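Trainee: So that we are looking at the same thing, I have put the structure below in structure tokens.
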Protein chains: 2
Amino acid sequence: MKSTIKDVARLANVSISTVSRVLNNPEIVVPEKREKVLEAIQRLHYSPNALARGLIHKRTQTLGVLIPDISNLFYSAVLRGMEDAAHRSGNNLIICNTDNNRERRSSILSVLNEKQIDGVVWTSEPVDSGSYELFGKFGFPVVLAATHSLEFELPSVKIDEEQAAYDAAEYLIRRGHTRIGMISGPAADPISGHPRIRGFLRALDDYGIEGDAQSNIEYGKYHFENSYTAMSKLYAKLPDMTAVFASSDERALAAISFLHDNRIKVPDDISVISFDNTRMAGMSTPRLTAVAQPLYDIGYLAVAKLIGLINGEPPQQLRTYVAHSIVERDSVSDRGAGGF
Amino acid sequence: MKSTIKDVARLANVSISTVSRVLNNPEIVVPEKREKVLEAIQRLHYSPNALARGLIHKRTQTLGVLIPDISNLFYSAVLRGMEDAAHRSGNNLIICNTDNNRERRSSILSVLNEKQIDGVVWTSEPVDSGSYELFGKFGFPVVLAATHSLEFELPSVKIDEEQAAYDAAEYLIRRGHTRIGMISGPAADPISGHPRIRGFLRALDDYGIEGDAQSNIEYGKYHFENSYTAMSKLYAKLPDMTAVFASSDERALAAISFLHDNRIKVPDDISVISFDNTRMAGMSTPRLTAVAQPLYDIGYLAVAKLIGLINGEPPQQLRTYVAHSIVERDSVSDRGAGGF
DNA sequence: CTGAAAGCGCTTACAG
DNA sequence: CTGAAAGCGCTTACAG
């Protein structure tokens, strides 16, 4: 039913080699035949089978992406950048959710390998050694997006988490806040956990503000509910705080919800600075002042880098750190800057 | 470098047919040889090439999905359901953003066709006749998710938009509201536009409340900014309204932002009911009371349906309408029910 | 410039 | 039960 190169050859009265040539190297075949072939292609609605091509070229123009959960705004923003970069270079993306599950990840890698994808972008998760071994075994290039690995020599693109967290805290301090709490992800998380905690604490320290992981920080998993609880605990142990650094937009929204439910005004009573700057940050009440990660760019650059590797271009730099920034909106108030 | 079935055959001292059999039909080969083959497979890290297989079987276990913009919470929630359904049945998804662009859509369909995908799920956009022709030309099955077509005989899964909008309005009315505005998407939109407007107006009418498209509705494109403006216009022309029906979460958040910026309290002064119930709905301040679309299920069911078609199962029903519901949270207040 | 042939990595009748 | 052969739909040297 689907017509093949043979059908076209027959109809145009040429060999399949010639058909192949007008497809890949038109200028090399005489105009007369070329026309006939083109016509036959039209008539038969012929389009080449990418599987057959892939088999020969050992290239599928398809990339695999592993991502914890697409239904999350953070990841889907990164993904959008990947998609655009892929589309621009004639590639497609097979997207797989990992749910942060080790086994699922390795089974995904195997399937992607069987499908002969040209490379993989590994998003937002630390690389376990099992997966790293698979990379070697399968032999496709891998780029890390919104994560990196110090243990393995893997190209990556992300922001400098610690500095970004530092900047968030400093932003608050410069606006006169000295009692500052933090809602963090799990301390064990090598991306959104301890680097941000370290940055936060370092800022307090640099500005001579007393505070430590024990008394200034509460931990919540990623989700809203956990963070709401974390905020309530934080408020209980730091009742006189005037500002909170929430290490994700979702945590910031949870913090605001808690404060609102307890008739504490944001930012009048307590300021909140967020992290990530997903689209939600501009849609909340009040709008979130946030450390912005260039989510789209991270995704875009990661696949651009991957495609470079696939094309055998010499790698520019192994670990790329992109710039973050602070987007000022309405969730932080000025305390009458305390002399800094 | 990647080992092939030949390498395995050589190492195990059997023919490639036998290797193929232990892969696909192990019980048919004698244990002794089977073991040798299995061992060789291990040693060589062999895994079959899905392209070669696909070429023969005319099946790639890969589905294409067209979606306007993955970085949107609505779509990404639907996508998550698709992903899970695909994964469960051993399929992968190639995801392509259309940006609601006709040309991009047809170029995507062509590429997917060349890659021999087994079917396509078309998400959330009306089907133009050009695309419909392509479906026929390419000959793969298509299922529509979160959209449908009355013009073409295409399987689909979505909610009943009109009834859902009706229910939203009725919900407000039953709580004593009689001056109700609506923030709608473009009236021309066959999914999120006129069906919801019609449902809204029909409810007003059924309950004997005066109102019409002219004076009770403002239109904004999907995005936050437009809707904020729409809300300001709506408020200007309907200053005594006590409730708003926003036809998406993003519109509801925009409405709330506008109201907040103008010191109008939600829900005390004006209630807001939303539509969609994406994850944001539970994270805002106040939390959104919303008509919930079963986003995940829509995606899940759409690919389940597609896989059924691919497997040649008799189609159950062409157009599936899934149930919506109303999730009560904090953005609607009771007006002391007006006798209904 | 063009065709016949070999080959990409598999599966599947067909003999035996 | 198993191997040789044909074939899936292409591309690419190799002759001519």
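Ordering of the structure tokens sets the chain letters (A, B, ...), residue numbers begin anew at 1 in every chain, and ligands are numbered from 1 in the order given.
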Determine which residues of chain B sit within 7 Å of chain C, taking into account only C-alpha atoms (C1' of nucleotides), and present them as a ChimeraX atom specification.

Mentor: /B:4,49,52-53,56

Trainee: Just fit chain B onto chain A on all the Cα atoms, in order, by least squares, and give it as a compact mmCIF listing (two decimals) with C-alpha atoms, in the first residue's frame.

Mentor:
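Listing of superposed03.txt after writing:
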# COMPACT_ATOMS: atom_id res chain seq x y z
CA MET B 1 0.06 -0.06 0.02
CA LYS B 2 2.73 2.48 0.87
CA SER B 3 4.71 2.88 -2.31
CA THR B 4 8.41 2.17 -2.33
CA ILE B 5 11.38 3.22 -4.31
CA LYS B 6 10.76 0.25 -6.58
CA ASP B 7 7.33 1.47 -7.51
CA VAL B 8 8.73 4.83 -8.39
CA ALA B 9 11.51 3.31 -10.44
CA ARG B 10 9.07 1.17 -12.37
CA LEU B 11 6.71 4.02 -13.09
CA ALA B 12 9.52 6.33 -14.15
CA ASN B 13 11.25 3.62 -16.10
CA VAL B 14 14.59 3.98 -14.42
CA SER B 15 16.56 1.98 -11.90
CA ILE B 16 16.11 2.42 -8.20
CA SER B 17 19.62 3.84 -8.08
CA THR B 18 18.46 6.73 -10.16
CA VAL B 19 15.48 7.34 -7.98
CA SER B 20 17.74 7.33 -5.00
CA ARG B 21 19.94 9.86 -6.73
CA VAL B 22 17.22 12.32 -7.52
CA LEU B 23 16.34 12.13 -3.86
CA ASN B 24 19.82 12.67 -2.52
CA ASN B 25 21.82 14.17 -5.31
CA PRO B 26 19.44 15.57 -7.90
CA GLU B 27 21.99 17.64 -9.82
CA ILE B 28 23.80 14.47 -10.80
CA VAL B 29 20.99 13.05 -12.89
CA VAL B 30 19.97 14.39 -16.29
CA PRO B 31 17.02 16.77 -16.17
CA GLU B 32 14.83 14.61 -18.34
CA LYS B 33 14.98 11.57 -16.07
CA ARG B 34 14.89 13.72 -13.02
CA GLU B 35 11.57 15.14 -14.11
CA LYS B 36 10.12 11.74 -14.80
CA VAL B 37 11.16 10.52 -11.39
CA LEU B 38 9.83 13.58 -9.64
CA GLU B 39 6.57 13.10 -11.41
CA ALA B 40 6.34 9.47 -10.41
CA ILE B 41 7.06 10.43 -6.83
CA GLN B 42 4.19 12.88 -6.93
CA ARG B 43 1.81 10.46 -8.48
CA LEU B 44 2.58 7.72 -6.01
CA HIS B 45 2.74 9.95 -2.95
CA TYR B 46 6.09 8.39 -2.40
CA SER B 47 8.14 9.26 0.61
CA PRO B 48 11.30 7.47 1.61
CA ASN B 49 11.36 5.04 4.49
CA ALA B 50 13.50 6.46 7.24
CA LEU B 51 14.07 3.04 8.77
CA ALA B 52 15.79 1.78 5.66
CA ARG B 53 17.84 4.92 5.49
CA GLY B 54 18.74 4.75 9.11
CA LEU B 55 19.87 1.19 8.71
CA ILE B 56 22.43 2.27 6.15
CA HIS B 57 23.51 5.59 7.55
CA LYS B 58 23.54 4.52 11.14
CA ARG B 59 21.81 7.75 11.93
CA THR B 60 18.18 8.18 12.76
CA GLN B 61 17.91 11.91 13.38
CA THR B 62 16.17 10.96 16.55
CA LEU B 63 17.31 11.84 20.03
CA GLY B 64 16.20 10.35 23.30
CA VAL B 65 15.37 12.46 26.31
CA LEU B 66 15.07 11.21 29.83
CA ILE B 67 13.15 13.52 32.07
CA PRO B 68 11.63 12.94 35.50
CA ASP B 69 8.12 14.11 34.76
CA ILE B 70 6.92 16.10 31.78
CA SER B 71 3.83 17.30 33.55
CA ASN B 72 6.03 19.51 35.67
CA LEU B 73 6.39 23.11 34.48
CA PHE B 74 10.09 23.21 35.16
CA TYR B 75 10.85 20.21 33.02
CA SER B 76 8.41 21.06 30.31
CA ALA B 77 9.99 24.47 29.89
CA VAL B 78 13.40 22.87 29.47
CA LEU B 79 11.86 20.37 27.10
CA ARG B 80 10.48 23.13 24.95
CA GLY B 81 13.94 24.46 24.38
CA MET B 82 15.12 20.97 23.48
CA GLU B 83 12.27 20.51 21.06
CA ASP B 84 13.05 23.73 19.24
CA ALA B 85 16.73 22.97 18.97
CA ALA B 86 15.93 19.49 17.71
CA HIS B 87 13.42 20.73 15.20
CA ARG B 88 15.77 23.35 13.91
CA SER B 89 18.37 20.74 13.12
CA GLY B 90 16.00 18.22 11.63
CA ASN B 91 15.87 15.93 14.62
CA ASN B 92 13.01 14.45 16.58
CA LEU B 93 12.78 13.71 20.24
CA ILE B 94 11.60 10.56 21.92
CA ILE B 95 10.67 11.63 25.40
CA CYS B 96 10.61 9.26 28.34
CA ASN B 97 9.55 9.87 31.91
CA THR B 98 11.80 8.38 34.49
CA ASP B 99 9.87 9.23 37.64
CA ASN B 100 13.31 9.32 39.23
CA ASN B 101 13.33 5.57 39.08
CA ARG B 102 16.63 3.82 38.51
CA GLU B 103 15.24 0.71 36.90
CA ARG B 104 12.94 2.60 34.64
CA ARG B 105 15.88 4.68 33.53
CA SER B 106 17.98 1.76 32.52
CA SER B 107 15.14 0.04 30.74
CA ILE B 108 14.51 3.27 28.86
CA LEU B 109 18.13 3.52 27.86
CA SER B 110 17.99 0.00 26.49
CA VAL B 111 14.94 0.66 24.42
CA LEU B 112 16.37 3.90 23.08
CA ASN B 113 19.50 2.05 22.20
CA GLU B 114 17.57 -0.57 20.27
CA LYS B 115 15.78 2.19 18.43
CA GLN B 116 19.20 3.44 17.40
CA ILE B 117 18.77 6.98 18.64
CA ASP B 118 21.75 9.18 17.86
CA GLY B 119 22.19 10.49 21.36
CA VAL B 120 20.56 11.12 24.69
CA VAL B 121 19.87 14.12 26.84
CA TRP B 122 19.63 13.26 30.46
CA THR B 123 17.64 15.80 32.36
CA SER B 124 17.77 16.99 35.89
CA GLU B 125 18.86 13.87 37.67
CA PRO B 126 22.19 12.85 39.10
CA VAL B 127 23.94 10.21 37.05
CA ASP B 128 24.27 6.89 38.82
CA SER B 129 27.19 4.68 37.96
CA GLY B 130 24.91 2.00 36.54
CA SER B 131 23.60 4.41 33.96
CA TYR B 132 27.05 5.69 33.25
CA GLU B 133 28.12 2.17 32.41
CA LEU B 134 25.21 1.85 30.05
CA PHE B 135 26.30 5.00 28.25
CA GLY B 136 29.63 3.37 27.58
CA LYS B 137 28.13 0.05 26.64
CA PHE B 138 25.67 1.56 24.21
CA GLY B 139 28.14 4.02 22.85
CA PHE B 140 25.88 6.96 22.15
CA PRO B 141 26.76 10.47 23.25
CA VAL B 142 25.01 11.91 26.26
CA VAL B 143 24.52 15.46 27.41
CA LEU B 144 23.20 16.41 30.81
CA ALA B 145 20.64 19.19 31.04
CA ALA B 146 19.91 21.03 34.28
CA THR B 147 22.23 18.66 36.05
CA HIS B 148 25.88 17.75 35.86
CA SER B 149 28.32 15.21 37.14
CA LEU B 150 31.54 15.91 38.92
CA GLU B 151 32.27 12.23 39.17
CA PHE B 152 32.01 11.46 35.47
CA GLU B 153 33.31 13.26 32.42
CA LEU B 154 29.97 14.12 30.95
CA PRO B 155 29.06 17.29 29.06
CA SER B 156 26.38 19.31 30.78
CA VAL B 157 24.55 22.60 30.84
CA LYS B 158 23.10 24.18 33.93
CA ILE B 159 23.34 27.20 36.16
CA ASP B 160 25.63 27.66 39.11
CA GLU B 161 23.23 26.61 41.84
CA GLU B 162 25.28 27.76 44.73
CA GLN B 163 25.88 31.21 43.36
CA ALA B 164 22.23 31.55 42.40
CA ALA B 165 21.15 30.70 45.92
CA TYR B 166 23.76 33.06 47.27
CA ASP B 167 22.37 35.82 45.10
CA ALA B 168 18.85 35.16 46.30
CA ALA B 169 19.89 35.48 49.91
CA GLU B 170 22.01 38.50 49.19
CA TYR B 171 19.08 40.12 47.43
CA LEU B 172 17.04 39.76 50.57
CA ILE B 173 19.83 40.95 52.81
CA ARG B 174 20.49 44.02 50.72
CA ARG B 175 16.85 44.92 51.18
CA GLY B 176 17.30 44.96 54.90
CA HIS B 177 16.24 41.48 55.86
CA THR B 178 18.26 39.80 58.56
CA ARG B 179 15.93 37.10 59.81
CA ILE B 180 15.69 34.82 56.83
CA GLY B 181 14.39 31.31 56.53
CA MET B 182 14.72 28.85 53.72
CA ILE B 183 12.45 26.17 52.34
CA SER B 184 14.75 23.70 50.68
CA GLY B 185 14.50 20.47 48.78
CA PRO B 186 16.03 17.37 50.34
CA ALA B 187 19.54 18.21 51.54
CA ALA B 188 20.82 15.07 49.87
CA ASP B 189 19.86 16.29 46.42
CA PRO B 190 23.09 17.14 44.64
CA ILE B 191 21.40 19.65 42.35
CA SER B 192 18.60 21.43 44.13
CA GLY B 193 19.65 20.44 47.63
CA HIS B 194 23.00 21.12 49.23
CA PRO B 195 24.44 23.48 46.63
CA ARG B 196 21.59 25.89 47.22
CA ILE B 197 21.76 25.42 50.96
CA ARG B 198 25.46 26.13 50.86
CA GLY B 199 24.94 29.28 48.83
CA PHE B 200 22.24 30.47 51.16
CA LEU B 201 24.33 29.90 54.26
CA ARG B 202 27.41 31.43 52.74
CA ALA B 203 25.52 34.64 52.04
CA LEU B 204 24.28 34.84 55.59
CA ASP B 205 27.79 34.28 56.78
CA ASP B 206 29.36 36.82 54.45
CA TYR B 207 26.99 39.45 55.70
CA GLY B 208 27.52 38.59 59.32
CA ILE B 209 24.07 37.25 59.88
CA GLU B 210 23.75 34.40 62.29
CA GLY B 211 22.03 31.34 60.99
CA ASP B 212 22.61 27.73 60.18
CA ALA B 213 21.10 24.73 58.50
CA GLN B 214 19.61 23.68 61.78
CA SER B 215 17.56 26.69 62.65
CA ASN B 216 17.00 28.53 59.40
CA ILE B 217 16.04 25.77 57.05
CA GLU B 218 13.14 23.42 56.60
CA TYR B 219 13.03 20.67 54.05
CA GLY B 220 10.22 19.59 51.84
CA LYS B 221 10.14 17.31 48.90
CA TYR B 222 9.34 18.90 45.65
CA HIS B 223 5.62 18.94 45.95
CA PHE B 224 3.34 21.62 47.16
CA GLU B 225 1.89 19.80 50.15
CA ASN B 226 5.26 18.97 51.68
CA SER B 227 6.41 22.48 51.26
CA TYR B 228 3.32 23.86 52.88
CA THR B 229 4.11 21.75 55.91
CA ALA B 230 7.73 22.77 55.78
CA MET B 231 6.70 26.39 55.78
CA SER B 232 4.52 25.89 58.81
CA LYS B 233 7.43 24.33 60.67
CA LEU B 234 9.77 27.04 59.59
CA TYR B 235 7.37 29.69 60.79
CA ALA B 236 7.04 27.94 64.11
CA LYS B 237 10.74 27.94 64.75
CA LEU B 238 11.50 31.33 63.23
CA PRO B 239 8.44 33.41 64.05
CA ASP B 240 10.24 36.70 63.72
CA MET B 241 11.58 36.11 60.25
CA THR B 242 10.88 38.75 57.65
CA ALA B 243 11.83 36.83 54.57
CA VAL B 244 11.91 33.34 53.11
CA PHE B 245 13.98 31.93 50.34
CA ALA B 246 12.01 29.16 48.66
CA SER B 247 14.14 26.99 46.46
CA SER B 248 11.52 26.45 43.76
CA ASP B 249 8.40 28.21 42.52
CA GLU B 250 6.23 25.46 43.84
CA ARG B 251 7.75 25.86 47.27
CA ALA B 252 7.28 29.61 47.09
CA LEU B 253 3.62 29.20 46.23
CA ALA B 254 3.21 26.79 49.09
CA ALA B 255 4.87 29.24 51.45
CA ILE B 256 2.58 31.99 50.28
CA SER B 257 -0.45 29.77 50.70
CA PHE B 258 0.55 28.97 54.23
CA LEU B 259 1.17 32.59 55.06
CA HIS B 260 -2.09 33.65 53.49
CA ASP B 261 -3.99 30.97 55.37
CA ASN B 262 -2.51 32.38 58.55
CA ARG B 263 -3.31 35.97 57.69
CA ILE B 264 0.31 36.91 57.26
CA LYS B 265 0.78 39.30 54.40
CA VAL B 266 3.22 38.80 51.57
CA PRO B 267 5.32 40.83 51.14
CA ASP B 268 4.27 43.30 53.84
CA ASP B 269 4.84 40.96 56.76
CA ILE B 270 7.06 38.39 55.20
CA SER B 271 8.85 38.54 51.88
CA VAL B 272 9.29 35.52 49.67
CA ILE B 273 11.92 35.05 47.02
CA SER B 274 11.55 32.11 44.72
CA PHE B 275 13.78 30.02 42.52
CA ASP B 276 13.38 28.82 38.92
CA ASN B 277 11.01 31.39 37.51
CA THR B 278 8.71 29.04 35.68
CA ARG B 279 5.69 30.62 34.03
CA MET B 280 3.72 30.29 37.24
CA ALA B 281 5.95 32.87 38.87
CA GLY B 282 4.32 35.65 36.91
CA MET B 283 0.81 34.41 37.44
CA SER B 284 0.54 34.19 41.20
CA THR B 285 -0.78 36.65 43.71
CA PRO B 286 1.46 38.35 44.54
CA ARG B 287 3.70 37.80 41.55
CA LEU B 288 6.92 36.12 42.50
CA THR B 289 10.28 37.79 42.70
CA ALA B 290 12.52 34.94 41.70
CA VAL B 291 15.94 33.75 40.75
CA ALA B 292 15.44 32.91 37.11
CA GLN B 293 16.94 29.88 35.50
CA PRO B 294 17.07 30.17 31.72
CA LEU B 295 15.04 27.01 31.40
CA TYR B 296 14.42 27.20 27.71
CA ASP B 297 18.05 27.96 26.97
CA ILE B 298 19.27 25.11 29.10
CA GLY B 299 17.22 22.72 27.01
CA TYR B 300 18.16 24.38 23.77
CA LEU B 301 21.85 24.45 24.49
CA ALA B 302 21.86 20.88 25.73
CA VAL B 303 20.56 19.48 22.49
CA ALA B 304 22.70 21.84 20.45
CA LYS B 305 25.67 20.46 22.32
CA LEU B 306 24.49 16.91 21.77
CA ILE B 307 24.11 17.45 18.06
CA GLY B 308 27.58 18.90 17.96
CA LEU B 309 28.92 15.75 19.55
CA ILE B 310 26.98 13.56 17.16
CA ASN B 311 28.43 15.46 14.25
CA GLY B 312 31.86 14.92 15.62
CA GLU B 313 32.55 18.57 16.26
CA PRO B 314 35.23 19.19 18.82
CA PRO B 315 33.54 19.84 22.17
CA GLN B 316 33.83 23.46 23.27
CA GLN B 317 33.65 22.92 26.96
CA LEU B 318 32.63 19.98 29.02
CA ARG B 319 30.51 21.69 31.63
CA THR B 320 28.63 24.75 30.54
CA TYR B 321 27.27 27.06 33.21
CA VAL B 322 24.64 29.47 32.01
CA ALA B 323 23.80 32.71 33.72
CA HIS B 324 20.92 33.06 36.12
CA SER B 325 19.32 36.38 36.98
CA ILE B 326 16.87 37.85 39.42
CA VAL B 327 13.45 38.85 38.18
CA GLU B 328 11.91 41.43 40.44
CA ARG B 329 8.19 41.28 40.93
CA ASP B 330 5.98 41.75 43.94
CA SER B 331 6.79 39.21 46.60
CA VAL B 332 9.71 40.95 48.28
CA SER B 333 9.47 44.17 50.21
CA ASP B 334 12.12 46.57 51.25
CA ARG B 335 12.99 46.73 54.91
CA GLY B 336 14.83 50.05 54.57
CA ALA B 337 18.19 48.66 53.64
CA GLY B 338 20.22 47.91 56.70
CA GLY B 339 23.45 49.62 55.82
CA PHE B 340 24.87 47.24 53.26

Trainee: DSSP on the backbone: what in region 71-258 of chain B comes out strand (DSSP E), as an MDAnalysis selection string?

Mentor: chainID B and resid 92:97 119:123 142:145 156:159 180:184 217:219 243:246

Trainee: Restricted to N, CA and C atoms, what would the selected residues look like written as a PDB file, in the first residue's frame?

Mentor:
ATOM      1  N   ASN B  92       6.848   4.048  22.318  1.00  0.00           N
ATOM      2  CA  ASN B  92       7.474   5.330  22.623  1.00  0.00           C
ATOM      3  C   ASN B  92       6.763   6.433  21.871  1.00  0.00           C
ATOM      4  N   LEU B  93       6.983   7.639  22.375  1.00  0.00           N
ATOM      5  CA  LEU B  93       6.318   8.794  21.788  1.00  0.00           C
ATOM      6  C   LEU B  93       7.333   9.766  21.190  1.00  0.00           C
ATOM      7  N   ILE B  94       7.094  10.146  19.963  1.00  0.00           N
ATOM      8  CA  ILE B  94       7.851  11.264  19.403  1.00  0.00           C
ATOM      9  C   ILE B  94       6.940  12.475  19.499  1.00  0.00           C
ATOM     10  N   ILE B  95       7.383  13.464  20.236  1.00  0.00           N
ATOM     11  CA  ILE B  95       6.519  14.603  20.518  1.00  0.00           C
ATOM     12  C   ILE B  95       6.927  15.815  19.707  1.00  0.00           C
ATOM     13  N   CYS B  96       5.962  16.433  19.057  1.00  0.00           N
ATOM     14  CA  CYS B  96       6.272  17.585  18.215  1.00  0.00           C
ATOM     15  C   CYS B  96       5.372  18.762  18.546  1.00  0.00           C
ATOM     16  N   ASN B  97       5.975  19.903  18.700  1.00  0.00           N
ATOM     17  CA  ASN B  97       5.201  21.120  18.960  1.00  0.00           C
ATOM     18  C   ASN B  97       4.723  21.723  17.665  1.00  0.00           C
ATOM     19  N   GLY B 119       1.158   5.402  14.440  1.00  0.00           N
ATOM     20  CA  GLY B 119      -0.078   6.157  14.559  1.00  0.00           C
ATOM     21  C   GLY B 119       0.215   7.525  15.145  1.00  0.00           C
ATOM     22  N   VAL B 120      -0.802   8.356  15.149  1.00  0.00           N
ATOM     23  CA  VAL B 120      -0.603   9.726  15.610  1.00  0.00           C
ATOM     24  C   VAL B 120      -1.699  10.131  16.573  1.00  0.00           C
ATOM     25  N   VAL B 121      -1.317  10.841  17.633  1.00  0.00           N
ATOM     26  CA  VAL B 121      -2.359  11.492  18.412  1.00  0.00           C
ATOM     27  C   VAL B 121      -2.224  12.991  18.226  1.00  0.00           C
ATOM     28  N   TRP B 122      -3.330  13.533  17.865  1.00  0.00           N
ATOM     29  CA  TRP B 122      -3.438  14.934  17.482  1.00  0.00           C
ATOM     30  C   TRP B 122      -4.109  15.653  18.643  1.00  0.00           C
ATOM     31  N   THR B 123      -3.393  16.576  19.241  1.00  0.00           N
ATOM     32  CA  THR B 123      -3.876  17.118  20.498  1.00  0.00           C
ATOM     33  C   THR B 123      -4.381  18.544  20.425  1.00  0.00           C
ATOM     34  N   VAL B 142      -5.233   7.824  13.392  1.00  0.00           N
ATOM     35  CA  VAL B 142      -5.114   9.065  14.155  1.00  0.00           C
ATOM     36  C   VAL B 142      -6.195   9.106  15.225  1.00  0.00           C
ATOM     37  N   VAL B 143      -5.814   9.541  16.401  1.00  0.00           N
ATOM     38  CA  VAL B 143      -6.814   9.768  17.441  1.00  0.00           C
ATOM     39  C   VAL B 143      -6.664  11.210  17.916  1.00  0.00           C
ATOM     40  N   LEU B 144      -7.782  11.856  18.140  1.00  0.00           N
ATOM     41  CA  LEU B 144      -7.751  13.227  18.627  1.00  0.00           C
ATOM     42  C   LEU B 144      -7.879  13.247  20.144  1.00  0.00           C
ATOM     43  N   ALA B 145      -7.033  14.026  20.781  1.00  0.00           N
ATOM     44  CA  ALA B 145      -7.088  14.136  22.240  1.00  0.00           C
ATOM     45  C   ALA B 145      -7.409  15.566  22.631  1.00  0.00           C
ATOM     46  N   SER B 156     -11.936  10.295  18.874  1.00  0.00           N
ATOM     47  CA  SER B 156     -11.472  11.380  19.744  1.00  0.00           C
ATOM     48  C   SER B 156     -11.816  11.094  21.190  1.00  0.00           C
ATOM     49  N   VAL B 157     -11.127  11.792  22.085  1.00  0.00           N
ATOM     50  CA  VAL B 157     -11.522  11.747  23.491  1.00  0.00           C
ATOM     51  C   VAL B 157     -11.371  13.121  24.113  1.00  0.00           C
ATOM     52  N   LYS B 158     -12.450  13.561  24.701  1.00  0.00           N
ATOM     53  CA  LYS B 158     -12.493  14.884  25.319  1.00  0.00           C
ATOM     54  C   LYS B 158     -13.693  14.977  26.254  1.00  0.00           C
ATOM     55  N   ILE B 159     -13.833  16.117  26.885  1.00  0.00           N
ATOM     56  CA  ILE B 159     -15.017  16.312  27.719  1.00  0.00           C
ATOM     57  C   ILE B 159     -16.115  16.989  26.895  1.00  0.00           C
ATOM     58  N   ILE B 180     -22.962  37.725  36.660  1.00  0.00           N
ATOM     59  CA  ILE B 180     -21.818  36.874  36.377  1.00  0.00           C
ATOM     60  C   ILE B 180     -21.163  37.232  35.050  1.00  0.00           C
ATOM     61  N   GLY B 181     -19.865  37.426  35.107  1.00  0.00           N
ATOM     62  CA  GLY B 181     -19.132  37.700  33.876  1.00  0.00           C
ATOM     63  C   GLY B 181     -18.355  36.473  33.451  1.00  0.00           C
ATOM     64  N   MET B 182     -17.841  36.539  32.235  1.00  0.00           N
ATOM     65  CA  MET B 182     -17.033  35.420  31.758  1.00  0.00           C
ATOM     66  C   MET B 182     -15.804  35.942  31.019  1.00  0.00           C
ATOM     67  N   ILE B 183     -14.680  35.309  31.306  1.00  0.00           N
ATOM     68  CA  ILE B 183     -13.474  35.577  30.526  1.00  0.00           C
ATOM     69  C   ILE B 183     -13.297  34.368  29.638  1.00  0.00           C
ATOM     70  N   SER B 184     -13.437  34.587  28.357  1.00  0.00           N
ATOM     71  CA  SER B 184     -13.422  33.471  27.414  1.00  0.00           C
ATOM     72  C   SER B 184     -12.198  33.513  26.513  1.00  0.00           C
ATOM     73  N   ILE B 217     -19.440  38.994  28.517  1.00  0.00           N
ATOM     74  CA  ILE B 217     -18.225  38.251  28.177  1.00  0.00           C
ATOM     75  C   ILE B 217     -17.126  39.150  27.628  1.00  0.00           C
ATOM     76  N   GLU B 218     -15.905  38.835  28.058  1.00  0.00           N
ATOM     77  CA  GLU B 218     -14.740  39.469  27.445  1.00  0.00           C
ATOM     78  C   GLU B 218     -13.831  38.372  26.928  1.00  0.00           C
ATOM     79  N   TYR B 219     -13.106  38.685  25.889  1.00  0.00           N
ATOM     80  CA  TYR B 219     -12.294  37.663  25.254  1.00  0.00           C
ATOM     81  C   TYR B 219     -10.816  37.951  25.389  1.00  0.00           C
ATOM     82  N   ALA B 243     -19.400  37.484  40.430  1.00  0.00           N
ATOM     83  CA  ALA B 243     -18.676  36.259  40.089  1.00  0.00           C
ATOM     84  C   ALA B 243     -18.202  36.267  38.644  1.00  0.00           C
ATOM     85  N   VAL B 244     -17.105  35.576  38.422  1.00  0.00           N
ATOM     86  CA  VAL B 244     -16.552  35.444  37.070  1.00  0.00           C
ATOM     87  C   VAL B 244     -16.309  33.979  36.780  1.00  0.00           C
ATOM     88  N   PHE B 245     -16.619  33.619  35.568  1.00  0.00           N
ATOM     89  CA  PHE B 245     -16.274  32.293  35.090  1.00  0.00           C
ATOM     90  C   PHE B 245     -15.091  32.477  34.137  1.00  0.00           C
ATOM     91  N   ALA B 246     -13.948  31.951  34.511  1.00  0.00           N
ATOM     92  CA  ALA B 246     -12.763  32.065  33.660  1.00  0.00           C
ATOM     93  C   ALA B 246     -12.574  30.735  32.954  1.00  0.00           C
TER      94      ALA B 246
END

Trainee: List every residue of region 84-175 of chain A that DSSP, applied to the backbone of this structure, assigns to helix (DSSP H, G or I), and report them as JSON, numbers by chain.

Mentor: {"A": [84, 85, 86, 87, 88, 102, 103, 104, 105, 106, 107, 108, 109, 110, 111, 112, 113, 114, 129, 130, 131, 132, 133, 134, 135, 136, 137, 138, 161, 162, 163, 164, 165, 166, 167, 168, 169, 170, 171, 172, 173, 174]}
